[in-house]
Structure formats: structure tokens, C-alpha cells
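Text of upload-v1.cif, listed as mmCIF, C-alpha atoms:
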```cif
data_upload
loop_
_atom_site.label_atom_id
_atom_site.label_comp_id
_atom_site.auth_asym_id
_atom_site.auth_seq_id
_atom_site.Cartn_x
_atom_site.Cartn_y
_atom_site.Cartn_z
CA MET V 2 118.72 -74.60 -89.85
CA LYS V 3 121.72 -75.02 -87.57
CA LEU V 4 123.49 -78.17 -86.44
CA TYR V 5 125.30 -78.26 -83.10
CA ASP V 6 128.23 -80.56 -83.69
CA ASN V 7 131.46 -81.90 -82.22
CA SER V 8 134.30 -83.23 -84.33
CA ARG V 9 135.50 -85.93 -81.90
CA ALA V 10 132.32 -87.57 -80.58
CA PRO V 11 130.92 -90.55 -82.54
CA ASN V 12 127.24 -89.56 -82.74
CA PRO V 13 127.67 -86.14 -84.38
CA ARG V 14 129.86 -87.94 -86.94
CA ARG V 15 126.88 -90.12 -87.88
CA VAL V 16 125.00 -87.03 -88.99
CA ARG V 17 128.04 -85.60 -90.83
CA ILE V 18 128.57 -88.86 -92.76
CA PHE V 19 124.84 -89.01 -93.51
CA LEU V 20 124.93 -85.45 -94.91
CA ALA V 21 128.05 -86.22 -96.97
CA GLU V 22 126.36 -89.28 -98.51
CA LYS V 23 123.44 -87.00 -99.46
CA ARG V 24 125.87 -84.35 -100.78
CA ALA V 25 124.08 -81.90 -98.51
CA SER V 26 125.37 -79.47 -95.92
CA ILE V 27 123.93 -77.28 -93.18
CA PRO V 28 125.42 -74.46 -91.11
CA THR V 29 127.18 -75.93 -88.12
CA GLU V 30 128.42 -74.76 -84.74
CA SER V 31 130.96 -76.92 -82.98
CA LEU V 32 130.75 -77.21 -79.20
CA ASP V 33 133.78 -78.00 -77.04
CA LEU V 34 132.74 -80.91 -74.80
CA GLY V 35 135.94 -80.65 -72.73
CA ALA V 36 135.02 -77.05 -71.89
CA MET V 37 131.48 -78.30 -71.04
CA GLN V 38 129.85 -76.07 -73.67
CA HIS V 39 127.02 -78.64 -73.88
CA LYS V 40 126.18 -77.97 -70.22
CA THR V 41 125.67 -74.19 -70.45
CA ASP V 42 122.23 -72.75 -69.64
CA ALA V 43 121.81 -71.57 -73.24
CA PHE V 44 122.43 -75.02 -74.71
CA THR V 45 120.42 -76.79 -71.98
CA ALA V 46 117.46 -74.61 -72.97
CA LEU V 47 117.74 -76.13 -76.48
CA ASN V 48 118.38 -79.70 -75.36
CA PRO V 49 117.71 -80.48 -71.69
CA LEU V 50 119.53 -83.79 -72.19
CA GLN V 51 122.70 -81.79 -73.00
CA ARG V 52 123.78 -83.97 -75.91
CA LEU V 53 125.08 -83.64 -79.42
CA PRO V 54 124.14 -83.60 -82.22
CA THR V 55 121.25 -81.14 -81.88
CA LEU V 56 119.50 -79.59 -84.88
CA VAL V 57 117.61 -76.30 -84.60
CA LEU V 58 115.18 -75.54 -87.43
CA ASP V 59 114.44 -72.04 -88.71
CA ASP V 60 111.18 -71.87 -86.74
CA GLY V 61 113.04 -72.76 -83.54
CA THR V 62 111.97 -76.41 -83.41
CA VAL V 63 114.70 -78.52 -81.85
CA LEU V 64 115.46 -82.06 -83.03
CA THR V 65 117.83 -84.29 -81.09
CA GLU V 66 118.92 -87.94 -81.39
CA SER V 67 121.19 -88.66 -84.37
CA VAL V 68 118.76 -91.03 -86.05
CA ALA V 69 115.81 -88.64 -85.68
CA ILE V 70 117.91 -85.89 -87.26
CA CYS V 71 118.97 -88.24 -90.07
CA ARG V 72 115.38 -89.33 -90.67
CA TYR V 73 114.37 -85.67 -91.03
CA LEU V 74 117.25 -85.08 -93.45
CA GLU V 75 116.20 -88.18 -95.41
CA ALA V 76 112.77 -86.58 -95.96
CA LEU V 77 114.41 -83.35 -97.21
CA HIS V 78 116.98 -85.20 -99.38
CA PRO V 79 115.45 -88.54 -100.37
CA GLU V 80 118.30 -89.62 -102.68
CA PRO V 81 120.17 -91.85 -102.19
CA PRO V 82 117.84 -93.58 -99.68
CA LEU V 83 119.79 -94.44 -96.53
CA PHE V 84 116.84 -95.83 -94.53
CA GLY V 85 115.92 -98.39 -97.22
CA SER V 86 113.17 -98.39 -99.86
CA GLY V 87 109.86 -100.14 -99.39
CA ALA V 88 108.36 -101.78 -96.30
CA LEU V 89 110.66 -104.79 -96.00
CA GLU V 90 113.98 -103.14 -96.83
CA SER V 91 113.17 -100.22 -94.50
CA ALA V 92 112.38 -102.66 -91.70
CA LYS V 93 115.65 -104.52 -92.30
CA VAL V 94 117.62 -101.25 -92.16
CA GLU V 95 115.85 -100.34 -88.91
CA MET V 96 116.58 -103.82 -87.52
CA TRP V 97 120.29 -103.75 -88.37
CA ASN V 98 120.77 -100.15 -87.31
CA ARG V 99 119.30 -101.05 -83.92
CA ARG V 100 121.23 -104.31 -83.63
CA VAL V 101 124.46 -102.40 -84.27
CA GLU V 102 123.49 -99.67 -81.79
CA HIS V 103 122.50 -102.06 -78.99
CA HIS V 104 125.08 -104.79 -79.44
CA LEU V 105 128.10 -102.85 -80.72
CA TYR V 106 127.89 -99.09 -80.28
CA MET V 107 126.55 -99.17 -76.74
CA PRO V 108 128.91 -101.89 -75.42
CA VAL V 109 131.89 -100.03 -76.97
CA SER V 110 130.72 -96.79 -75.42
CA TYR V 111 130.33 -98.46 -72.01
CA VAL V 112 133.88 -99.82 -72.24
CA PHE V 113 135.14 -96.33 -73.12
CA ARG V 114 133.09 -94.41 -70.57
CA HIS V 115 133.60 -96.77 -67.64
CA LEU V 116 137.24 -97.77 -68.13
CA HIS V 117 139.02 -94.87 -69.83
CA PRO V 118 140.84 -92.59 -67.34
CA ALA V 119 140.03 -89.53 -69.48
CA MET V 120 136.30 -90.13 -68.91
CA LYS V 121 136.49 -89.90 -65.11
CA GLU V 122 135.27 -86.32 -65.12
CA LEU V 123 132.62 -86.51 -67.85
CA GLU V 124 131.12 -89.78 -66.56
CA ALA V 125 129.90 -88.92 -63.07
CA THR V 126 130.22 -92.49 -61.78
CA GLN V 127 132.55 -94.92 -63.52
CA VAL V 128 131.70 -98.58 -62.85
CA ALA V 129 134.77 -100.50 -63.99
CA ASP V 130 133.03 -103.90 -63.67
CA TRP V 131 130.35 -102.71 -66.08
CA GLY V 132 133.04 -101.72 -68.58
CA GLU V 133 134.59 -105.19 -68.31
CA VAL V 134 131.25 -106.99 -68.76
CA ASN V 135 130.84 -105.25 -72.10
CA LYS V 136 134.19 -106.25 -73.64
CA PRO V 137 133.19 -109.80 -74.61
CA ARG V 138 129.84 -108.50 -75.92
CA VAL V 139 131.68 -106.42 -78.51
CA ALA V 140 133.71 -109.40 -79.71
CA GLN V 141 130.62 -111.60 -79.83
CA PHE V 142 128.59 -109.21 -81.97
CA LEU V 143 131.49 -108.57 -84.34
CA SER V 144 131.62 -112.31 -85.03
CA LEU V 145 127.91 -112.32 -85.84
CA LEU V 146 128.38 -109.33 -88.14
CA ASP V 147 131.33 -111.03 -89.84
CA ARG V 148 129.14 -114.01 -90.73
CA GLU V 149 126.48 -111.68 -92.19
CA LEU V 150 129.04 -109.76 -94.25
CA LYS V 151 130.31 -112.99 -95.83
CA ASP V 152 127.34 -113.04 -98.20
CA GLN V 153 126.35 -109.39 -98.54
CA PRO V 154 128.28 -106.18 -99.21
CA PHE V 155 126.63 -104.03 -96.55
CA ILE V 156 125.25 -104.55 -93.04
CA ALA V 157 121.56 -104.44 -94.00
CA GLY V 158 121.99 -106.15 -97.39
CA GLU V 159 122.78 -104.99 -100.91
CA SER V 160 122.76 -101.22 -100.32
CA PHE V 161 124.76 -98.83 -98.17
CA SER V 162 122.50 -97.56 -95.36
CA ILE V 163 122.47 -95.79 -92.02
CA ALA V 164 123.27 -99.19 -90.46
CA ASP V 165 126.70 -99.00 -92.16
CA ILE V 166 127.21 -95.48 -90.84
CA THR V 167 126.38 -96.65 -87.31
CA GLY V 168 128.68 -99.65 -87.83
CA LEU V 169 131.55 -97.46 -89.03
CA ILE V 170 131.40 -94.99 -86.14
CA SER V 171 131.13 -97.92 -83.71
CA VAL V 172 134.16 -99.81 -85.05
CA ASP V 173 136.18 -96.57 -85.17
CA PHE V 174 135.10 -95.84 -81.58
CA MET V 175 136.82 -99.11 -80.56
CA LYS V 176 140.24 -97.43 -80.89
CA PRO V 177 139.82 -94.87 -78.06
CA ALA V 178 138.06 -97.65 -76.09
CA LYS V 179 141.25 -99.73 -76.54
CA LEU V 180 139.43 -102.61 -78.23
CA THR V 181 140.64 -104.37 -81.38
CA VAL V 182 138.93 -106.21 -84.22
CA ALA V 183 140.12 -109.83 -84.27
CA GLU V 184 142.39 -110.66 -87.24
CA ASP V 185 140.26 -113.56 -88.42
CA LEU V 186 137.11 -111.46 -89.02
CA THR V 187 138.02 -111.08 -92.69
CA HIS V 188 134.53 -110.16 -93.95
CA LEU V 189 134.09 -107.48 -91.31
CA ARG V 190 137.56 -106.13 -92.18
CA ARG V 191 136.70 -106.09 -95.90
CA TRP V 192 133.49 -104.15 -95.13
CA HIS V 193 135.29 -101.72 -92.80
CA ALA V 194 137.98 -100.99 -95.42
CA GLU V 195 135.30 -100.36 -98.05
CA VAL V 196 133.08 -98.02 -96.00
CA SER V 197 136.19 -96.21 -94.69
CA ALA V 198 137.28 -95.58 -98.30
CA ARG V 199 134.06 -93.75 -99.15
CA PRO V 200 134.56 -89.96 -99.25
CA SER V 201 131.82 -89.57 -96.60
CA ALA V 202 133.97 -91.36 -94.01
CA LYS V 203 136.20 -88.27 -93.75
CA ALA V 204 133.22 -86.15 -92.64
CA MET D 7 103.55 -114.46 -90.74
CA LYS D 8 104.29 -115.61 -87.20
CA LEU D 9 105.21 -113.59 -84.15
CA TYR D 10 107.33 -115.11 -81.39
CA ASP D 11 106.06 -113.52 -78.22
CA ASN D 12 106.23 -113.58 -74.43
CA SER D 13 103.46 -112.30 -72.21
CA ARG D 14 105.68 -111.01 -69.37
CA ALA D 15 108.60 -109.26 -71.09
CA PRO D 16 108.20 -105.54 -71.90
CA ASN D 17 109.42 -105.50 -75.52
CA PRO D 18 107.02 -108.08 -76.94
CA ARG D 19 104.25 -106.06 -75.26
CA ARG D 20 105.25 -103.05 -77.38
CA VAL D 21 104.39 -105.01 -80.51
CA ARG D 22 101.13 -106.34 -79.03
CA ILE D 23 99.98 -102.83 -78.05
CA PHE D 24 101.00 -101.55 -81.49
CA LEU D 25 98.92 -104.28 -83.17
CA ALA D 26 95.94 -103.58 -80.91
CA GLU D 27 96.06 -99.85 -81.79
CA LYS D 28 96.00 -100.91 -85.47
CA ARG D 29 93.15 -103.39 -84.77
CA ALA D 30 95.33 -106.00 -86.44
CA SER D 31 96.46 -109.42 -85.31
CA ILE D 32 98.97 -112.04 -86.38
CA PRO D 33 99.45 -115.68 -85.41
CA THR D 34 101.61 -115.85 -82.32
CA GLU D 35 103.72 -118.43 -80.51
CA SER D 36 104.62 -117.68 -76.93
CA LEU D 37 108.07 -118.76 -75.70
CA ASP D 38 108.80 -119.55 -72.05
CA LEU D 39 111.86 -117.47 -71.14
CA GLY D 40 112.20 -119.19 -67.74
CA ALA D 41 112.50 -122.53 -69.56
CA MET D 42 115.08 -120.89 -71.88
CA GLN D 43 112.99 -121.56 -75.00
CA HIS D 44 114.67 -118.52 -76.60
CA LYS D 45 118.04 -120.25 -76.31
CA THR D 46 117.18 -123.45 -78.20
CA ASP D 47 119.06 -124.25 -81.42
CA ALA D 48 115.86 -123.91 -83.45
CA PHE D 49 115.12 -120.41 -82.17
CA THR D 50 118.77 -119.33 -82.34
CA ALA D 51 118.72 -120.25 -86.03
CA LEU D 52 115.91 -117.69 -86.44
CA ASN D 53 117.43 -115.00 -84.22
CA PRO D 54 121.08 -115.46 -83.27
CA LEU D 55 120.64 -112.71 -80.65
CA GLN D 56 118.05 -114.98 -78.90
CA ARG D 57 115.55 -112.22 -78.20
CA LEU D 58 111.85 -111.55 -78.39
CA PRO D 59 109.84 -110.34 -80.18
CA THR D 60 110.84 -112.03 -83.45
CA LEU D 61 108.65 -111.92 -86.55
CA VAL D 62 108.96 -114.57 -89.28
CA LEU D 63 107.41 -113.66 -92.64
CA ASP D 64 105.80 -116.18 -94.99
CA ASP D 65 108.91 -116.28 -97.20
CA GLY D 66 111.08 -117.08 -94.16
CA THR D 67 112.50 -113.57 -93.73
CA VAL D 68 113.13 -112.87 -90.06
CA LEU D 69 112.60 -109.42 -88.53
CA THR D 70 113.77 -108.66 -85.01
CA GLU D 71 113.87 -105.50 -82.85
CA SER D 72 110.46 -104.30 -81.64
CA VAL D 73 110.62 -101.00 -83.48
CA ALA D 74 111.68 -102.59 -86.78
CA ILE D 75 108.74 -105.01 -86.48
CA CYS D 76 106.39 -102.11 -85.67
CA ARG D 77 107.71 -100.09 -88.60
CA TYR D 78 106.99 -103.02 -90.93
CA LEU D 79 103.48 -103.35 -89.46
CA GLU D 80 102.97 -99.58 -89.92
CA ALA D 81 103.62 -100.04 -93.66
CA LEU D 82 101.07 -102.89 -93.83
CA HIS D 83 98.48 -101.06 -91.70
CA PRO D 84 99.07 -97.30 -92.15
CA GLU D 85 96.07 -96.18 -90.07
CA PRO D 86 96.19 -94.76 -87.49
CA PRO D 87 99.79 -93.56 -88.03
CA LEU D 88 101.88 -94.39 -84.94
CA PHE D 89 105.22 -93.15 -86.30
CA GLY D 90 103.91 -89.66 -87.12
CA SER D 91 102.79 -88.07 -90.41
CA GLY D 92 105.09 -85.87 -92.50
CA ALA D 93 108.81 -85.16 -92.13
CA LEU D 94 108.78 -83.10 -88.94
CA GLU D 95 106.20 -85.05 -86.94
CA SER D 96 107.89 -88.34 -87.90
CA ALA D 97 111.25 -86.96 -86.75
CA LYS D 98 109.71 -85.84 -83.45
CA VAL D 99 108.22 -89.29 -82.87
CA GLU D 100 111.60 -90.88 -83.62
CA MET D 101 113.29 -88.41 -81.25
CA TRP D 102 110.90 -89.04 -78.38
CA ASN D 103 110.77 -92.77 -78.87
CA ARG D 104 114.57 -92.85 -78.67
CA ARG D 105 114.74 -90.46 -75.72
CA VAL D 106 112.32 -92.70 -73.82
CA GLU D 107 114.26 -95.82 -74.80
CA HIS D 108 117.66 -94.46 -73.83
CA HIS D 109 116.78 -92.42 -70.75
CA LEU D 110 113.90 -94.42 -69.28
CA TYR D 111 113.50 -97.93 -70.68
CA MET D 112 117.19 -98.82 -70.59
CA PRO D 113 117.92 -97.39 -67.10
CA VAL D 114 114.83 -99.21 -65.73
CA SER D 115 115.93 -102.43 -67.40
CA TYR D 116 119.46 -102.06 -65.95
CA VAL D 117 118.00 -101.57 -62.46
CA PHE D 118 115.88 -104.70 -62.94
CA ARG D 119 118.55 -106.87 -64.53
CA HIS D 120 121.40 -105.92 -62.22
CA LEU D 121 119.61 -105.68 -58.88
CA HIS D 122 116.66 -108.11 -58.96
CA PRO D 123 117.50 -111.47 -57.35
CA ALA D 124 115.30 -113.28 -59.91
CA MET D 125 117.57 -112.08 -62.72
CA LYS D 126 120.73 -113.71 -61.33
CA GLU D 127 120.42 -116.66 -63.68
CA LEU D 128 119.27 -114.88 -66.86
CA GLU D 129 121.79 -112.04 -66.55
CA ALA D 130 125.16 -113.79 -66.71
CA THR D 131 126.99 -111.10 -64.68
CA GLN D 132 125.01 -108.84 -62.38
CA VAL D 133 126.83 -105.58 -61.57
CA ALA D 134 124.93 -104.13 -58.60
CA ASP D 135 126.76 -100.78 -58.78
CA TRP D 136 125.57 -100.35 -62.38
CA GLY D 137 122.00 -100.98 -61.26
CA GLU D 138 122.35 -98.32 -58.54
CA VAL D 139 123.85 -95.73 -60.93
CA ASN D 140 120.73 -96.00 -63.08
CA LYS D 141 118.16 -95.33 -60.34
CA PRO D 142 118.57 -91.52 -60.26
CA ARG D 143 118.59 -91.44 -64.10
CA VAL D 144 115.07 -92.84 -64.13
CA ALA D 145 113.82 -90.18 -61.70
CA GLN D 146 115.58 -87.43 -63.63
CA PHE D 147 114.07 -88.33 -66.99
CA LEU D 148 110.59 -88.75 -65.50
CA SER D 149 110.80 -85.13 -64.28
CA LEU D 150 111.73 -83.96 -67.79
CA LEU D 151 108.84 -85.95 -69.24
CA ASP D 152 106.46 -84.51 -66.63
CA ARG D 153 107.33 -80.97 -67.77
CA GLU D 154 106.68 -81.93 -71.43
CA LEU D 155 103.34 -83.52 -70.60
CA LYS D 156 102.16 -80.35 -68.87
CA ASP D 157 101.42 -78.74 -72.24
CA GLN D 158 100.71 -81.67 -74.56
CA PRO D 159 98.55 -84.79 -74.27
CA PHE D 160 101.07 -87.31 -75.57
CA ILE D 161 104.84 -87.78 -75.37
CA ALA D 162 105.62 -86.68 -78.94
CA GLY D 163 102.89 -84.00 -79.10
CA GLU D 164 99.22 -83.97 -80.04
CA SER D 165 98.86 -87.58 -81.22
CA PHE D 166 99.29 -90.98 -79.61
CA SER D 167 102.42 -92.62 -81.07
CA ILE D 168 104.91 -95.41 -80.58
CA ALA D 169 106.71 -93.08 -78.13
CA ASP D 170 103.69 -93.45 -75.81
CA ILE D 171 103.80 -97.22 -76.19
CA THR D 172 107.50 -97.25 -75.27
CA GLY D 173 106.74 -94.89 -72.38
CA LEU D 174 103.91 -97.10 -71.10
CA ILE D 175 105.92 -100.33 -71.12
CA SER D 176 108.82 -98.50 -69.47
CA VAL D 177 106.76 -97.02 -66.62
CA ASP D 178 105.02 -100.38 -66.08
CA PHE D 179 108.44 -102.08 -66.04
CA MET D 180 109.32 -99.90 -63.02
CA LYS D 181 107.14 -102.10 -60.79
CA PRO D 182 109.20 -105.33 -61.08
CA ALA D 183 112.33 -103.11 -60.95
CA LYS D 184 111.01 -101.83 -57.57
CA LEU D 185 111.01 -98.20 -58.68
CA THR D 186 108.15 -95.76 -58.08
CA VAL D 187 106.84 -92.68 -59.86
CA ALA D 188 107.14 -89.64 -57.56
CA GLU D 189 103.75 -88.36 -56.29
CA ASP D 190 104.35 -84.81 -57.51
CA LEU D 191 104.73 -85.77 -61.20
CA THR D 192 101.06 -85.01 -61.81
CA HIS D 193 101.29 -84.57 -65.59
CA LEU D 194 103.13 -87.83 -66.03
CA ARG D 195 100.56 -89.55 -63.82
CA ARG D 196 97.68 -88.05 -65.86
CA TRP D 197 99.32 -89.32 -69.08
CA HIS D 198 99.98 -92.77 -67.59
CA ALA D 199 96.37 -93.11 -66.43
CA GLU D 200 95.10 -92.11 -69.88
CA VAL D 201 97.30 -94.44 -71.94
CA SER D 202 96.66 -97.26 -69.45
CA ALA D 203 92.91 -96.79 -69.98
CA ARG D 204 93.16 -97.39 -73.74
CA PRO D 205 91.97 -100.89 -74.68
CA SER D 206 95.38 -101.57 -76.29
CA ALA D 207 97.10 -101.38 -72.89
CA LYS D 208 95.63 -104.78 -72.00
CA ALA D 209 97.42 -106.41 -74.94
#
```
Can the structure in the file be given as C-alpha cells, please?
Amino acid sequence: MKLYDNSRAPNPRRVRIFLAEKRASIPTESLDLGAMQHKTDAFTALNPLQRLPTLVLDDGTVLTESVAICRYLEALHPEPPLFGSGALESAKVEMWNRRVEHHLYMPVSYVFRHLHPAMKELEATQVADWGEVNKPRVAQFLSLLDRELKDQPFIAGESFSIADITGLISVDFMKPAKLTVAEDLTHLRRWHAEVSARPSAKA
Amino acid sequence: MKLYDNSRAPNPRRVRIFLAEKRASIPTESLDLGAMQHKTDAFTALNPLQRLPTLVLDDGTVLTESVAICRYLEALHPEPPLFGSGALESAKVEMWNRRVEHHLYMPVSYVFRHLHPAMKELEATQVADWGEVNKPRVAQFLSLLDRELKDQPFIAGESFSIADITGLISVDFMKPAKLTVAEDLTHLRRWHAEVSARPSAKA
């Protein structure tokens, strides 16, 4: 098995944190996105969408999409469960992971990709207005999340899950996107300090 | 259990097709999006994100996000499996479902929401340039999908899965978005004709 990785992009970090929580590791090759190593013919043959992370299994099967890779790793290393246990908890983890992806990760990434000068080359067409539209969406969802985290330790409930990993990489992605977490979101800040203090957060 | 539904929006249709494939049904209430029934205080109390579909369980638990609802229904009605069987097949279904969501469904929905005159009121800020940027992305991903469907009957491989459901609602969503499937994508067209002919497609 081999994981194509990048130390600076948020999505590969999801898989690294996931592996660290499982106390598992796999051989890794880091690609330099600045040098466009994800756009070479060799890598495009593995993943025509030219994205990281990408996992290649020993039989040559290629898995892409962070959450698909994590779900495969969950089957290989079931403990601790990071996709929930049982029908209802698993559905809640799926719901919160997707809510965080659609209403936090993606808006933050649109702000970064469409407004950051450093992204001019990687993002073929920057649409500054689209970046601006997404700024208030980030703030709005963080308020919703703050209310949830008032009464529960983790995003999907009582247990740490992939939804917390997605939340962590999203909030940390706000820094390069030049977005800040409002001071008064005390529950969100408590949660962020706690998940950042886990050893896996350094992955 | 009660499903909040809408007969015209693509995401609620995913859940209806999923239920039809399972030969299952649940009591449903249809909300009128034009009349803003998803923005009432009563519905916002159920789903603060004001979206459909939304599933309310008998104990009052609320599940949102089409795929989270489908995953819960998969646990209640395991046959036929629509999220794959076994670690690798399940990961492939997750991968393809996400690829279709991110590279087809979302670009189509951005074209629709940011360019269609009828969406001016529902979409607070239309960014026409963002709609235009997404048009070639749709065409590009359909070509990739066409090459995959040359050698396999369904999007994730040998079996019909939720990835086909997401693909079907996405391709059908191209019509109101005023996008067309290129004539030469014969494998994609074969697949679309076949999944459209399944009784579930009428759901």
C-alpha cells in the first residue's frame, strides 16, 4: 500500500490524522504541489482528477477521496471507530461530516482559492466575488457549530469522529484563507483547543 | 419516521430512488420551496440549515444530508446493498459517489443556481462568472465518466449503487441548468438510458 501525500494541503492531513488516531501507518510519498507533481502523466494515470490524497493498494487498485480512503482504513483498523458504531450513530457521523464539509470546509476553501494571491496560478480562474460570497457562510456555520458544542464534547456527539477531523482541518485552513474565529464562540474554541491538543493533530 | 421531501429538487429524489430500490417506503410530507416552507420557524427548528431531505425519527432525532439518510436506511434495509459489500467495494462506492458529487452534481448546481433567472430570489447572491467557470467542469467530468463506463455497467463497477443514483440525479439536473450531454459520450448515454429505465427512476 502507498499513500500519495502532501504536508501542506488540508485533505491529505485528514488521512494522516485518521491514521494517527488508529495508531496505524502506511508508506507515503509526498508530492510537491507547487512543482505540479500532481499533474505529471504518471500521477494522472493513477488519479485522472490529479488530487491528493491518493492511495494505491498492493494489487494496483487506486482509491481517491479522503473519506473513501478513511473508510477503507476503518475496515482494516476498526478500533477506535471513527465513523460511529451502529446505524444511528454512523448516520449522525455521516451527517455532521458532510455538514462540516459543505458548510465550512468548502466555503473556507473557496475563500482561499478565489481570493488568495498565491492561488492565482493553481486556480485557473479566480472569481473574487465568489470568494466574498463565502465569507459570511463560514461565520454563519461556525455559530451553528458553537451552539451544538455547548452541550456535547465532539461535533457528532459523545465520541471523537471523522467529523472532528474534518472540522479541525477546516478551522485550521481558515488561517491561510485569512479568516478568523469570532471571540465569542467559546464552545467552538474549547472544542478546537481540545482536538488540537490530541497527539494526532500534529500528523 | 417522517421524511420531509420535495418532488422537484434533486437531493430529495436521491432518497426516493434509494427507497424504491430497497422496495421500502416511509411517510412523507412535501414542502413547497417556492412558498419558502423550508424557511419557517417550525422547520428551522428541525433543520437549522433549512434543507431537504430531512428525516425525523420516532424519538425525535433529526437526520439530514441525503447520504446520511440513505446510510441509515441501508442499515434498516440491507438488501440490495447500495453502498457496496466488503471493505474495498464499499470504499469504491464512497469514492465514486463523492467524485460524482464534487465534479458533476456541484458544478451543475452552481451553473443552475448562479445563471438561471428563476434562482435569483432563492440564491441570495448570484455570481454569474462562477456559474460560467463551472460549465467546462461538467463536460470534463462527463468525459472521464464515459471512459469508465466503457468497461463496466455501473459507475462504481459491476453493481448498481448510490453512486449511480447520484449520477442520475446530476445528469437529469443538467436540463434545468441548460446543459447538454455531448452526443459522442456513447457509454455515458448507454448508462443513463439503463438507469433511467429502472422503475426506481420514476420515484
For a quick test of understanding: name the residues of chain D lying within 7 Å of chain V when counting all atoms listed in the file, and present them as a PDB file with C-alpha atoms, in the coordinates of the input.
```
ATOM      1  CA  LEU D  69     112.600-109.420 -88.530  1.00  0.00           C
ATOM      2  CA  THR D  70     113.770-108.660 -85.010  1.00  0.00           C
ATOM      3  CA  GLU D  71     113.870-105.500 -82.850  1.00  0.00           C
ATOM      4  CA  ALA D  74     111.680-102.590 -86.780  1.00  0.00           C
ATOM      5  CA  ILE D  75     108.740-105.010 -86.480  1.00  0.00           C
ATOM      6  CA  ARG D  77     107.710-100.090 -88.600  1.00  0.00           C
ATOM      7  CA  TYR D  78     106.990-103.020 -90.930  1.00  0.00           C
ATOM      8  CA  ALA D  81     103.620-100.040 -93.660  1.00  0.00           C
ATOM      9  CA  ALA D  93     108.810 -85.160 -92.130  1.00  0.00           C
ATOM     10  CA  LEU D  94     108.780 -83.100 -88.940  1.00  0.00           C
ATOM     11  CA  ALA D  97     111.250 -86.960 -86.750  1.00  0.00           C
ATOM     12  CA  LYS D  98     109.710 -85.840 -83.450  1.00  0.00           C
ATOM     13  CA  GLU D 100     111.600 -90.880 -83.620  1.00  0.00           C
ATOM     14  CA  MET D 101     113.290 -88.410 -81.250  1.00  0.00           C
ATOM     15  CA  VAL D 133     126.830-105.580 -61.570  1.00  0.00           C
ATOM     16  CA  ASP D 135     126.760-100.780 -58.780  1.00  0.00           C
ATOM     17  CA  TRP D 136     125.570-100.350 -62.380  1.00  0.00           C
TER      18      TRP D 136
END
```
- Query: Near stretch 31-33 of chain D, counting only C-alpha atoms, which residues have an atom at most 7 Å away, once you skip same-chain residues fewer than 6 positions from it, shown as a PyMOL selection string?
  - Reply: chain D and resi 7-9+25
- Spell out the residues picked by the PyMOL selection byres ((chain D and resi 208) around 10) here, as a PyMOL selection string. chain D and resi 19+22-23+26+202-207+209
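Proximity to D:Arg119 at 9 Å, evaluated using all atoms listed in the file and with sequence-adjacent residues fewer than 2 positions away removed, yields Val114, Ser115, Tyr116, Val117, Leu121, His122, Pro123, Ala124, Met125, Lys126, Leu128, Glu129, Gln132, Val133, Gly137 and Ala183 of chain D.
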- Apply the PyMOL selection byres ((chain V and resi 53) around 12) to the displayed file and report the matching residues as an NGL selection string. :V and (4-17 or 29-34 or 37-40 or 44-45 or 47-52 or 54-57 or 63-68 or 70)
- How many Å separate atom CA of V:Ala36 from atom CA of D:Asn140? 25.3 Å
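Across the structure, atom CA of V:Leu169 and atom CA of V:Leu143 are spaced 12.1 Å apart.
Each of D:Gly173, D:Gly90, D:Pro142, D:Pro84 was checked against D:Pro113 using all atoms listed in the file; the smallest atom-to-atom distance is that of D:Pro142.
The residues caught by the PyMOL selection byres ((chain D and resi 153) around 12) in this file are Pro49 of chain V; Gln146, Phe147, Leu148, Ser149, Leu150, Leu151, Asp152, Glu154, Leu155, Lys156, Asp157, Gln158, Pro159, Phe160, Ile161, Asp190, Leu191, Thr192, His193, Leu194, Arg195 and Trp197 of chain D.
Between atom CA of D:Phe179 and atom CA of V:Met107 the separation is 21.2 Å.
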Please enclose the listed atoms of stretch 185-188 of chain D in an axis-aligned box, pad each side by 3 Å, and write out the centre and the three edge lengths in Å, rounded to one decimal, as AutoDock Vina command-line options.
```
--center_x 108.9 --center_y -93.9 --center_z -58.7 --size_x 10.2 --size_y 14.6 --size_z 8.3
```
